[in-house]
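Below is target.txt, which holds compact mmCIF, C-alpha atoms.
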# COMPACT_ATOMS: atom_id res chain seq x y z
CA MET S 1 0.00 0.00 0.00
CA THR S 2 1.39 3.38 -0.99
CA LEU S 3 1.48 6.38 1.32
CA LYS S 4 -1.25 8.00 -0.71
CA GLU S 5 -3.41 4.89 -0.46
CA SER S 6 -2.80 4.53 3.27
CA ALA S 7 -4.17 8.02 3.81
CA LEU S 8 -7.53 6.72 2.63
CA VAL S 9 -7.80 3.74 4.96
CA ALA S 10 -11.08 3.69 6.85
CA PRO S 11 -10.99 5.27 10.32
CA GLU S 12 -11.48 1.99 12.17
CA THR S 13 -8.48 0.35 10.46
CA ALA S 14 -6.15 3.33 9.95
CA PRO S 15 -2.83 3.30 11.78
CA ARG S 16 -2.39 5.84 14.55
CA SER S 17 0.70 7.31 16.14
CA GLN S 18 -0.54 5.84 19.44
CA PRO S 19 -1.95 2.32 19.74
CA ALA S 20 -5.72 2.34 20.14
CA GLU S 21 -5.59 0.27 23.32
CA GLN S 22 -3.48 2.85 25.16
CA PRO S 23 -5.23 5.84 26.74
CA HIS S 24 -4.68 9.20 25.09
CA ARG S 25 -2.24 11.31 27.08
CA ALA S 26 -2.47 15.00 26.31
CA THR S 27 0.44 17.35 27.02
CA ALA S 28 0.22 19.92 29.81
CA TRP S 29 -0.29 23.43 28.43
CA PRO S 30 3.05 24.97 29.56
CA GLU S 31 4.93 21.94 28.30
CA ALA S 32 3.15 22.07 24.93
CA ARG S 33 4.25 25.68 24.43
CA ALA S 34 7.81 24.74 25.37
CA VAL S 35 7.80 21.85 22.88
CA ALA S 36 6.58 24.18 20.13
CA ALA S 37 9.27 26.76 20.92
CA ARG S 38 11.98 24.09 20.87
CA ALA S 39 10.71 22.78 17.55
CA GLY S 40 10.92 26.27 16.06
CA ALA S 41 14.41 26.87 17.43
CA GLU S 42 15.67 23.51 16.14
CA ALA S 43 14.19 24.21 12.72
CA ARG S 44 15.81 27.64 12.73
CA ALA S 45 19.22 26.16 13.58
CA ALA S 46 18.87 23.48 10.89
CA ARG S 47 17.84 26.07 8.31
CA ALA S 48 20.70 28.50 9.00
CA GLY S 49 23.10 28.48 6.07
CA GLU S 50 21.49 25.35 4.65
CA ALA S 51 18.47 26.29 2.56
CA ALA S 52 18.19 28.85 -0.19
CA GLY S 53 15.87 31.65 0.78
CA TRP S 54 16.91 31.58 4.45
CA GLU S 55 19.91 33.86 4.09
CA PRO S 56 19.67 37.37 5.60
CA GLN S 57 18.13 39.95 3.33
CA ALA S 58 19.11 43.62 3.05
CA LEU S 59 15.91 45.66 2.89
CA PRO S 60 15.41 49.43 2.67
CA LEU S 61 14.22 50.90 5.97
CA GLY S 62 10.69 51.34 4.66
CA ALA S 63 10.42 47.63 3.84
CA ALA S 64 11.97 46.25 7.03
CA LEU S 65 9.10 46.99 9.43
CA GLY S 66 7.96 43.87 11.26
CA ARG S 67 11.00 41.83 10.31
CA VAL S 68 13.71 40.49 12.64
CA LEU S 69 17.30 41.77 12.68
CA ALA S 70 19.72 39.22 11.25
CA GLY S 71 22.64 40.67 13.22
CA PRO S 72 23.27 43.26 15.90
CA LEU S 73 22.49 46.86 15.03
CA LEU S 74 25.78 48.75 15.47
CA ALA S 75 26.12 52.51 15.50
CA LEU S 76 27.73 53.76 12.28
CA THR S 77 28.59 57.12 13.86
CA ASP S 78 28.60 58.95 17.15
CA LEU S 79 25.14 60.12 18.22
CA PRO S 80 24.93 63.01 18.20
CA SER S 81 27.82 63.36 15.78
CA PHE S 82 28.69 66.84 17.10
CA ASP S 83 27.88 68.96 20.14
CA THR S 84 24.36 70.32 19.67
CA SER S 85 22.08 72.70 21.47
CA ALA S 86 19.28 71.03 23.39
CA MET S 87 17.21 74.24 23.52
CA ASP S 88 16.43 77.45 21.69
CA GLY S 89 18.42 80.20 23.35
CA TRP S 90 21.94 81.59 23.51
CA ALA S 91 25.37 79.99 23.18
CA VAL S 92 27.72 81.78 25.58
CA ALA S 93 31.42 81.75 26.35
CA GLY S 94 32.98 82.76 29.64
CA THR S 95 31.06 84.56 32.37
CA GLY S 96 28.29 87.12 31.90
CA PRO S 97 26.96 89.49 31.13
CA TRP S 98 27.71 88.64 27.50
CA THR S 99 27.95 90.87 24.46
CA ILE S 100 25.56 89.64 21.76
CA ARG S 101 26.99 89.13 18.28
CA GLU S 102 23.95 90.41 16.43
CA GLU S 103 25.21 89.45 12.97
CA ASP S 104 25.40 85.76 13.87
CA ALA S 105 22.67 83.18 14.54
CA VAL S 106 23.24 79.43 14.58
CA LEU S 107 20.47 77.36 13.00
CA ALA S 108 20.00 73.59 12.74
CA GLY S 109 21.37 72.27 9.49
CA HIS S 110 23.62 75.27 8.91
CA ALA S 111 27.30 75.83 9.51
CA SER S 112 28.25 76.84 13.02
CA ALA S 113 29.18 80.43 13.83
CA ALA S 114 32.79 81.45 14.31
CA GLU S 115 34.46 80.59 17.59
CA LEU S 116 33.09 82.49 20.58
CA ALA S 117 35.46 84.59 22.61
CA ASP S 118 35.04 84.96 26.36
CA GLY S 119 32.14 87.26 27.13
CA GLU S 120 30.38 86.70 23.79
CA ALA S 121 26.92 85.27 23.07
CA VAL S 122 25.19 84.18 19.88
CA ARG S 123 21.58 83.13 19.31
CA ILE S 124 21.20 79.36 18.71
CA ALA S 125 18.36 77.02 17.73
CA THR S 126 17.57 73.55 19.05
CA GLY S 127 19.64 70.93 17.22
CA ALA S 128 22.18 73.41 15.90
CA ARG S 129 25.90 72.76 16.21
CA VAL S 130 27.33 74.81 19.07
CA PRO S 131 30.20 77.13 18.14
CA SER S 132 33.68 76.32 19.34
CA GLY S 133 34.37 77.90 22.71
CA THR S 134 30.78 77.57 23.93
CA ALA S 135 30.60 77.09 27.69
CA ALA S 136 26.83 76.65 28.01
CA VAL S 137 23.49 77.29 26.37
CA ILE S 138 21.05 79.62 28.14
CA ARG S 139 17.40 79.07 27.35
CA THR S 140 15.55 82.04 25.91
CA GLU S 141 13.10 82.06 28.82
CA HIS S 142 15.97 82.10 31.31
CA SER S 143 17.58 85.26 29.90
CA ARG S 144 17.04 88.93 29.27
CA THR S 145 18.74 91.47 27.01
CA GLU S 146 19.50 95.16 27.35
CA GLU S 147 19.34 97.14 24.17
CA SER S 148 19.81 100.81 25.12
CA ALA S 149 23.22 102.48 25.53
CA ALA S 150 21.98 104.25 28.66
CA GLU S 151 21.20 100.94 30.34
CA ARG S 152 24.49 99.42 29.23
CA GLY S 153 26.71 102.29 30.29
CA ALA S 154 29.71 103.71 28.52
CA GLY S 155 32.41 101.61 26.96
CA THR S 156 30.27 98.70 25.80
CA SER S 157 29.51 97.64 22.24
CA GLY S 158 26.39 95.73 21.19
CA PRO S 159 23.42 94.54 23.27
CA LEU S 160 24.08 92.62 26.46
CA LEU S 161 22.70 89.27 27.57
CA TYR S 162 21.95 88.53 31.23
CA ALA S 163 21.15 85.13 32.75
CA LEU S 164 18.14 84.97 35.05
CA ARG S 165 19.40 81.75 36.65
CA GLU S 166 22.72 80.27 37.63
CA VAL S 167 24.60 79.06 34.56
CA ARG S 168 26.19 75.62 34.87
CA SER S 169 29.05 74.51 32.67
CA ARG S 170 27.81 72.67 29.53
CA GLN S 171 24.15 73.06 30.46
CA ASP S 172 21.62 72.31 27.69
CA ILE S 173 24.35 71.01 25.39
CA ARG S 174 24.02 67.50 24.01
CA PRO S 175 27.64 66.37 23.81
CA ARG S 176 28.94 64.38 20.89
CA GLY S 177 28.46 60.65 21.54
CA GLN S 178 25.99 61.18 24.39
CA GLU S 179 23.70 58.41 23.06
CA CYS S 180 26.36 56.18 21.53
CA ARG S 181 29.79 56.02 19.97
CA ALA S 182 30.51 54.60 16.51
CA GLY S 183 30.57 50.80 16.76
CA ASP S 184 28.47 50.60 19.91
CA PRO S 185 25.84 47.81 19.85
CA LEU S 186 22.41 49.41 19.79
CA LEU S 187 20.21 46.29 19.55
CA PRO S 188 20.96 42.56 19.53
CA ALA S 189 20.34 40.20 16.63
CA GLY S 190 16.79 38.89 16.70
CA SER S 191 15.22 42.20 17.69
CA LEU S 192 11.88 42.98 16.10
CA VAL S 193 12.02 45.94 13.72
CA THR S 194 9.44 48.34 15.11
CA PRO S 195 8.81 51.95 14.02
CA ALA S 196 11.12 53.08 16.84
CA VAL S 197 13.85 50.74 15.58
CA LEU S 198 13.51 52.25 12.10
CA GLY S 199 13.98 55.71 13.61
CA LEU S 200 17.04 54.59 15.57
CA ALA S 201 18.54 52.94 12.49
CA ALA S 202 18.01 56.06 10.41
CA ALA S 203 19.56 58.25 13.12
CA ALA S 204 22.53 55.87 13.27
CA GLY S 205 23.10 56.25 9.53
CA TYR S 206 21.45 53.17 8.04
CA ASP S 207 19.70 53.17 4.66
CA ALA S 208 18.92 49.44 4.79
CA LEU S 209 18.76 46.71 7.41
CA ALA S 210 19.87 43.06 7.27
CA VAL S 211 16.83 41.04 8.34
CA LEU S 212 15.88 37.39 8.51
CA PRO S 213 13.38 35.90 6.06
CA ARG S 214 9.85 35.49 7.33
CA PRO S 215 8.63 31.96 8.07
CA ARG S 216 6.37 30.71 5.29
CA VAL S 217 2.95 29.44 6.32
CA GLU S 218 0.19 27.71 4.37
CA ILE S 219 -3.32 27.48 5.82
CA LEU S 220 -5.59 24.53 4.99
CA VAL S 221 -9.20 25.12 6.04
CA LEU S 222 -10.95 21.74 6.18
CA GLY S 223 -14.60 20.78 6.00
CA ASP S 224 -17.50 20.19 3.61
CA GLU S 225 -19.80 22.31 5.76
CA LEU S 226 -18.08 25.67 5.21
CA LEU S 227 -19.46 28.56 3.19
CA THR S 228 -17.33 31.44 1.91
CA ALA S 229 -20.22 33.87 1.35
CA GLY S 230 -23.83 34.45 2.34
CA LEU S 231 -25.86 33.38 5.34
CA PRO S 232 -25.58 29.94 6.98
CA HIS S 233 -28.30 27.57 5.80
CA GLU S 234 -29.26 23.89 5.58
CA GLY S 235 -26.48 22.64 7.84
CA LEU S 236 -23.82 24.82 6.23
CA ILE S 237 -21.92 27.44 8.24
CA ARG S 238 -19.70 30.37 7.34
CA ASP S 239 -15.95 29.84 7.40
CA ALA S 240 -14.75 32.11 10.21
CA LEU S 241 -11.18 30.83 10.32
CA GLY S 242 -10.17 31.45 6.70
CA PRO S 243 -10.64 35.24 6.97
CA MET S 244 -9.10 35.36 10.47
CA LEU S 245 -5.98 33.20 10.39
CA GLY S 246 -4.15 34.86 7.48
CA PRO S 247 -4.20 38.39 8.95
CA TRP S 248 -3.41 37.01 12.42
CA LEU S 249 -0.34 35.21 11.05
CA ASP S 250 0.64 38.33 9.12
CA ALA S 251 0.63 40.19 12.43
CA LEU S 252 3.00 37.53 13.80
CA GLY S 253 5.49 38.37 11.05
CA THR S 254 4.98 35.41 8.72
CA GLU S 255 4.58 35.15 4.97
CA VAL S 256 1.25 33.48 4.28
CA LEU S 257 1.70 31.62 1.00
CA ALA S 258 -1.96 30.66 0.62
CA THR S 259 -5.22 29.93 2.39
CA ARG S 260 -6.77 26.87 0.77
CA ARG S 261 -10.13 25.28 1.43
CA ILE S 262 -10.26 21.50 1.33
CA GLY S 263 -13.31 19.33 1.80
CA ASP S 264 -13.50 16.24 3.96
CA ASP S 265 -11.26 14.35 1.56
CA ALA S 266 -8.23 12.48 2.94
CA GLU S 267 -6.52 12.13 -0.44
CA GLU S 268 -6.77 15.87 -1.18
CA LEU S 269 -5.50 16.67 2.31
CA TYR S 270 -2.58 14.25 1.90
CA GLU S 271 -1.59 15.88 -1.39
CA ALA S 272 -1.82 19.36 0.13
CA VAL S 273 0.28 18.49 3.19
CA THR S 274 3.00 16.54 1.37
CA GLY S 275 3.12 19.00 -1.53
CA SER S 276 3.40 22.18 0.54
CA VAL S 277 6.66 24.15 0.49
CA ALA S 278 5.72 26.10 3.62
CA ASP S 279 7.81 25.95 6.77
CA LEU S 280 4.59 25.53 8.74
CA VAL S 281 1.31 24.06 7.52
CA ILE S 282 -1.73 24.97 9.61
CA THR S 283 -4.90 22.92 9.34
CA THR S 284 -8.28 23.70 10.85
CA GLY S 285 -10.53 20.90 12.06
CA GLY S 286 -10.12 17.18 11.57
CA THR S 287 -7.87 16.63 14.61
CA ALA S 288 -10.32 14.53 16.66
CA ALA S 289 -11.41 10.95 15.97
CA GLY S 290 -14.63 11.41 14.00
CA PRO S 291 -15.45 9.63 10.74
CA VAL S 292 -14.16 12.52 8.60
CA ASP S 293 -11.31 13.63 10.90
CA HIS S 294 -8.45 12.73 8.58
CA VAL S 295 -5.50 14.69 9.99
CA HIS S 296 -4.02 11.91 12.12
CA ARG S 297 -4.32 9.33 9.33
CA VAL S 298 -2.77 11.68 6.79
CA LEU S 299 0.14 12.42 9.13
CA ASP S 300 0.70 8.69 9.64
CA ALA S 301 0.64 8.10 5.91
CA ALA S 302 3.03 10.99 5.31
CA GLY S 303 5.57 9.65 7.81
CA ALA S 304 5.19 12.60 10.17
CA THR S 305 6.27 12.54 13.81
CA LEU S 306 3.76 13.74 16.40
CA LEU S 307 5.40 16.07 18.91
CA VAL S 308 2.18 17.11 20.65
CA ASP S 309 -1.03 15.11 20.31
CA GLY S 310 -3.61 16.92 22.39
CA VAL S 311 -3.08 19.60 25.04
CA LYS S 312 -4.59 19.90 28.50
CA VAL S 313 -6.29 23.20 27.72
CA ARG S 314 -9.88 24.36 27.23
CA PRO S 315 -10.92 25.26 24.63
CA GLY S 316 -8.77 23.51 22.08
CA HIS S 317 -7.58 20.28 23.65
CA PRO S 318 -7.58 18.27 20.31
CA MET S 319 -4.81 20.47 18.84
CA LEU S 320 -1.59 18.83 17.65
CA LEU S 321 1.93 19.56 16.46
CA ALA S 322 3.84 17.30 14.05
CA ARG S 323 7.22 17.35 12.34
CA LEU S 324 6.75 16.56 8.68
CA ALA S 325 8.99 14.14 6.81
CA GLY S 326 11.01 15.19 3.79
CA THR S 327 13.59 17.82 2.90
CA GLY S 328 14.21 20.47 5.51
CA PRO S 329 12.58 20.86 8.94
CA ARG S 330 8.88 21.49 8.33
CA HIS S 331 5.99 21.30 10.77
CA LEU S 332 2.23 21.09 10.89
CA VAL S 333 -0.01 22.57 13.56
CA GLY S 334 -3.48 21.06 13.60
CA LEU S 335 -6.02 23.50 15.04
CA PRO S 336 -9.46 22.42 16.21
CA GLY S 337 -12.33 23.49 13.97
CA ASN S 338 -14.23 25.54 16.55
CA PRO S 339 -13.16 29.19 16.20
CA LEU S 340 -12.12 30.05 19.77
CA ALA S 341 -10.55 26.61 20.14
CA ALA S 342 -8.54 27.38 16.99
CA VAL S 343 -7.37 30.67 18.54
CA SER S 344 -6.28 28.70 21.59
CA GLY S 345 -4.24 26.38 19.37
CA LEU S 346 -2.76 29.29 17.48
CA LEU S 347 -1.47 30.89 20.69
CA THR S 348 -0.45 27.61 22.31
CA LEU S 349 1.47 25.94 19.48
CA ALA S 350 1.80 28.12 16.36
CA GLU S 351 2.93 31.40 17.93
CA PRO S 352 5.79 29.97 20.06
CA LEU S 353 7.01 27.90 17.13
CA LEU S 354 6.92 30.83 14.71
CA THR S 355 8.60 33.20 17.15
CA ALA S 356 11.51 30.80 17.57
CA LEU S 357 11.62 29.96 13.86
CA ALA S 358 11.84 33.66 12.97
CA GLY S 359 14.89 34.01 15.21
CA GLY S 360 13.26 36.55 17.52
CA VAL S 361 14.74 37.29 20.94
CA ARG S 362 11.33 38.03 22.43
CA GLU S 363 9.10 35.54 24.11
CA PRO S 364 5.62 35.08 22.63
CA HIS S 365 3.29 37.94 23.53
CA HIS S 366 2.27 37.74 27.15
CA VAL S 367 1.68 40.03 30.11
CA PRO S 368 2.28 38.23 33.41
CA GLY S 369 0.79 38.93 36.77
CA VAL S 370 -2.47 40.79 36.10
CA PRO S 371 -5.02 40.40 38.92
CA VAL S 372 -8.36 39.09 37.73
CA GLN S 373 -11.38 41.12 38.78
CA ASP S 374 -13.92 38.32 39.14
CA GLU S 375 -13.88 34.66 40.01
CA VAL S 376 -13.21 32.50 36.95
CA GLN S 377 -14.48 28.97 36.80
CA GLY S 378 -11.76 26.51 35.88
CA HIS S 379 -11.53 23.01 34.48
CA PRO S 380 -10.77 20.34 37.10
CA HIS S 381 -7.59 19.18 35.35
CA ASP S 382 -6.85 21.45 32.37
CA THR S 383 -5.74 25.03 31.84
CA ARG S 384 -8.44 27.41 30.57
CA LEU S 385 -7.86 30.34 28.20
CA VAL S 386 -10.50 33.03 28.78
CA PRO S 387 -10.91 36.29 26.81
CA VAL S 388 -10.40 39.36 29.01
CA VAL S 389 -10.17 43.13 28.84
CA ARG S 390 -7.86 45.10 31.11
CA ARG S 391 -9.59 47.81 33.12
CA ALA S 392 -7.89 49.87 35.85
CA GLY S 393 -5.05 47.39 36.17
CA ARG S 394 -7.30 44.32 36.38
CA ALA S 395 -8.29 41.61 33.93
CA VAL S 396 -12.04 41.46 33.46
CA PRO S 397 -13.28 38.14 32.02
CA LEU S 398 -15.65 38.38 29.09
CA HIS S 399 -18.75 36.37 28.40
CA TYR S 400 -19.18 34.41 25.14
CA ASN S 401 -16.09 32.31 25.69
CA GLY S 402 -17.34 28.95 24.42
CA PRO S 403 -15.21 26.95 21.95
CA ALA S 404 -17.36 27.95 18.96
CA MET S 405 -17.65 31.65 19.89
CA LEU S 406 -15.61 34.59 18.63
CA ARG S 407 -17.68 37.39 20.19
CA GLY S 408 -15.58 37.42 23.35
CA ILE S 409 -12.14 37.34 21.72
CA ALA S 410 -13.19 40.01 19.19
CA ALA S 411 -13.66 42.47 22.08
CA ALA S 412 -10.72 41.23 24.16
CA ASP S 413 -7.29 42.60 24.97
CA GLY S 414 -5.95 39.08 25.46
CA LEU S 415 -6.54 35.65 26.91
CA ALA S 416 -6.14 34.97 30.62
CA VAL S 417 -4.37 31.73 31.51
CA VAL S 418 -6.60 30.17 34.18
CA PRO S 419 -4.97 27.27 36.07
CA PRO S 420 -6.82 24.00 36.74
CA GLY S 421 -9.46 24.58 39.40
CA GLY S 422 -10.11 28.21 38.44
CA ALA S 423 -9.07 31.60 39.82
CA ARG S 424 -10.37 33.68 42.70
CA PRO S 425 -10.89 37.48 42.55
CA GLY S 426 -7.58 39.31 42.80
CA GLN S 427 -5.49 36.29 41.80
CA GLU S 428 -2.73 37.24 39.38
CA LEU S 429 -2.96 35.53 36.00
CA GLU S 430 -0.71 35.47 32.96
CA ILE S 431 -2.31 37.25 30.00
CA LEU S 432 -1.57 36.14 26.45
CA ASP S 433 -1.54 39.41 24.58
CA LEU S 434 -2.84 39.86 21.05
CA PRO S 435 -0.38 40.82 18.29
CA TRP S 436 -2.04 44.15 17.51
CA PRO S 437 -2.82 47.36 19.42
CA THR S 438 -5.88 47.36 21.64
CA ALA S 439 -7.78 50.24 23.22
CA VAL S 440 -6.60 49.48 26.74
CA GLY S 441 -8.30 51.57 29.39
CA THR S 442 -11.24 52.66 27.29
CA ALA S 443 -14.87 51.93 28.05
CA PRO S 444 -16.08 48.61 26.64
CA ALA S 445 -17.83 48.78 23.32
CA GLN S 446 -21.59 48.51 23.27
CA GLY S 447 -22.62 44.88 23.35
CA VAL S 448 -19.56 43.59 25.21
CA CYS S 449 -20.68 41.35 28.05
CA PHE S 450 -18.65 40.51 31.12
CA THR S 451 -18.96 37.25 32.98
Take the structure from the file and write it as C-alpha cells.
Amino acid sequence: MTLKESALVAPETAPRSQPAEQPHRATAWPEARAVAARAGAEARAARAGEAAGWEPQALPLGAALGRVLAGPLLALTDLPSFDTSAMDGWAVAGTGPWTIREEDAVLAGHASAAELADGEAVRIATGARVPSGTAAVIRTEHSRTEESAAERGAGTSGPLLYALREVRSRQDIRPRGQECRAGDPLLPAGSLVTPAVLGLAAAAGYDALAVLPRPRVEILVLGDELLTAGLPHEGLIRDALGPMLGPWLDALGTEVLATRRIGDDAEELYEAVTGSVADLVITTGGTAAGPVDHVHRVLDAAGATLLVDGVKVRPGHPMLLARLAGTGPRHLVGLPGNPLAAVSGLLTLAEPLLTALAGGVREPHHVPGVPVQDEVQGHPHDTRLVPVVRRAGRAVPLHYNGPAMLRGIAAADGLAVVPPGGARPGQELEILDLPWPTAVGTAPAQGVCFT
C-alpha cells in the first residue's frame, strides 16, 4: 500500500501514532508551548546556512518593518555626531553678562558660527551645532537682554545678555556621543524591527537593514460544511477561520503563502500536506477521531512525527503539532475546527514555534501577573484560556467564551491563563496578549458582556 493509499484507509483500520488500546495522554499546556518553541528553534538552527531563501536579506528601511534583525544593530557614527544645542536660546562663552553678536545666529542644518570669545553670546536654535568655545546654552526664557546704551553704560559695544538663573558649565548642550559612539551595539540580533527601531537605524546612519526571512505558512481550512459567502443555511456554516488566520499570522510576522479550502477528503488533504513548500502548515478541524477527521491518518501516511497530540487546555484540547517528513525541517499545527478553540491552538502551538523559527529574541506575547477582577471557573484538570479586557489594572473576564464563539475574543485585549481549578478574585494571572494594538483603558464597546 502506498502512502497515498494509506491516507484513505477507513478510520477503524487506519494506523495511529498511538496504539488504540493505550489511553490518550495529552500534554500539559506549559509543556506544549515549550515543545513548540523548541521545535521552532531547532528548525531555525537546521535552516541556517542550509536552505536557499533563508539567508539574511538587506531591505530598505521602509520595507523592514515587522521583520527580525539578522545581526546586531551597530552605531555607524557617534550620536549626536557633534555637540548640539538642546534648547532654543543663547550659546555663551565665559562669564556674563555677554555681548551679543547680532550678525550671527546658529540654526539647525547650517554651519556653526565662528568661535566664541570669552564674554560673547550668539543666538542658537535647538539641534544646531554649538560654536567652538561655547561654555553653556542659556534658554531664551531664562535670559534677558538690554538694548539701550543708557542701560548698558559707557564703553560697551552691542546689546548685552543677562542670565536669570545660575549658569552651569555645559548646560543644555548634548555632547557628541551622548547616546552612543561609533561601533556601539544598539540592539541585539533577533530584535523585532518596530517603528522606533527604524527611527534609531536612520539616526545611526542606516539606509537598509539586514533582516531574517519570514517563516512561510500555508493554511488549509478543512470541511464540507463551510461557506465562503452568504448566510448559513441547511447545515452549512460560514468559514470564520479562513478570513481570520491569514491576517493574524501576518501580524505575527509570517509570509502566508496561501489559504486553501479543502473538503473532507483524505486524499486531497494528503496531497496538500505533502506537496506544501511552507515551513509551517496549519490545518483547521479534523484533529479529533470522528469519521471525517483525517489529519491523524494523513500524518501517519506521510511519515510525520507527532510532537504534541492533544493539550490539557480548554478550549482547544484536540490540537496537535507534528514534524513533517522530507527535505528540511517542516511542521504542521493542527487547530481544532471551533473558532475560539482554533485561537487557543494558534497561541499555544503556532505562535511559540513561529517566534523561535523567525529568530526573535522576544518571548511570545504575554503580560504576566495581572489580577483578575472576578472569580473565573476553571476546568478540574486542564488550563483554561478566557478572553479578558484590562480595566484599571485588572483583567475582566468576558462572556461568550465557548469553543465555537468569537464574540468574546473580538472584544478582548488578550486571553487569561486560568490554572486548573479556576481563579479567585484578585489572583494574578498570565495574559496572552494579542499581536495588535488594543484600546486598553477605554470603556467597553456597546454589546460587550462581562462574565
> So how far away is CA of Gly421 in chain S from CA of Pro380 in chain S, in Å?
Replying inline: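 Those two atoms sit 5.0 Å apart.
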> Pick from S:Leu245, S:Arg44, S:Pro72, S:Asp293: nearest to Asp265 in chain S, with only C-alpha atoms counted?
Replying inline: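 Looking at the shortest contact to Asp265 in chain S, the residue is S:Asp293.
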>> Report, in Å to a single decimal, how far apart CA of Val388 in chain S and CA of Ala196 in chain S are.
In response: 28.3 Å
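CA of Ala128 in chain S sits 17.6 Å away from CA of Ile100 in chain S.
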> Which of these, S:Ala304, S:Pro318, S:His331, S:Ala182, has the shortest distance to Val217 in chain S once you count all atoms listed in the file?
Replying inline: S:His331
> Of the candidates S:Ala70, S:Val417, S:Met87, S:Leu226, which one gets nearest to Gly127 in chain S if we count only C-alpha atoms?
Replying inline: S:Met87
> Got a sec: who's within 10 Å of Leu321 in chain S, counting only C-alpha atoms, leaving out chain neighbours fewer than 4 positions off, as number ranges by chain?
Replying inline: S: 32, 35-36, 39, 282, 304-311, 331-335, 345, 349-350, 353
> Restricting the calculation to only C-alpha atoms, which member of S:Pro329, S:Pro397, S:Gly422, S:Pro371 is positioned closest to Arg384 in chain S?
Replying inline: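 With only C-alpha atoms as the atom set, the closest residue is S:Gly422.
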> Between S:Val298, S:Arg139, S:Arg214, S:Glu375, which is the closest to Glu255 in chain S once you count only C-alpha atoms?
Replying inline: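 Closest to Glu255 in chain S of all the choices is S:Arg214.
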>> Ranking S:Arg330, S:Arg67, S:His381, S:Arg390 by minimum distance to Ala251 in chain S and counting only C-alpha atoms, which one comes first?
In response: S:Arg67
>> Set the distance at 9 Å and use only C-alpha atoms: which residues neighbour range 162-170 of chain S once local chain neighbours fewer than 5 positions away are removed? I'd like the list as a VMD selection string.
In response: chain S and resid 95 to 98 134 to 139 141 to 146 175
> Hey, what's within 12 Å of Leu398 in chain S if we count only C-alpha atoms and toss same-chain stuff fewer than 4 positions away? As number ranges by chain, please?
Replying inline: S: 372-376, 385-391, 402, 405-416, 444, 447-451
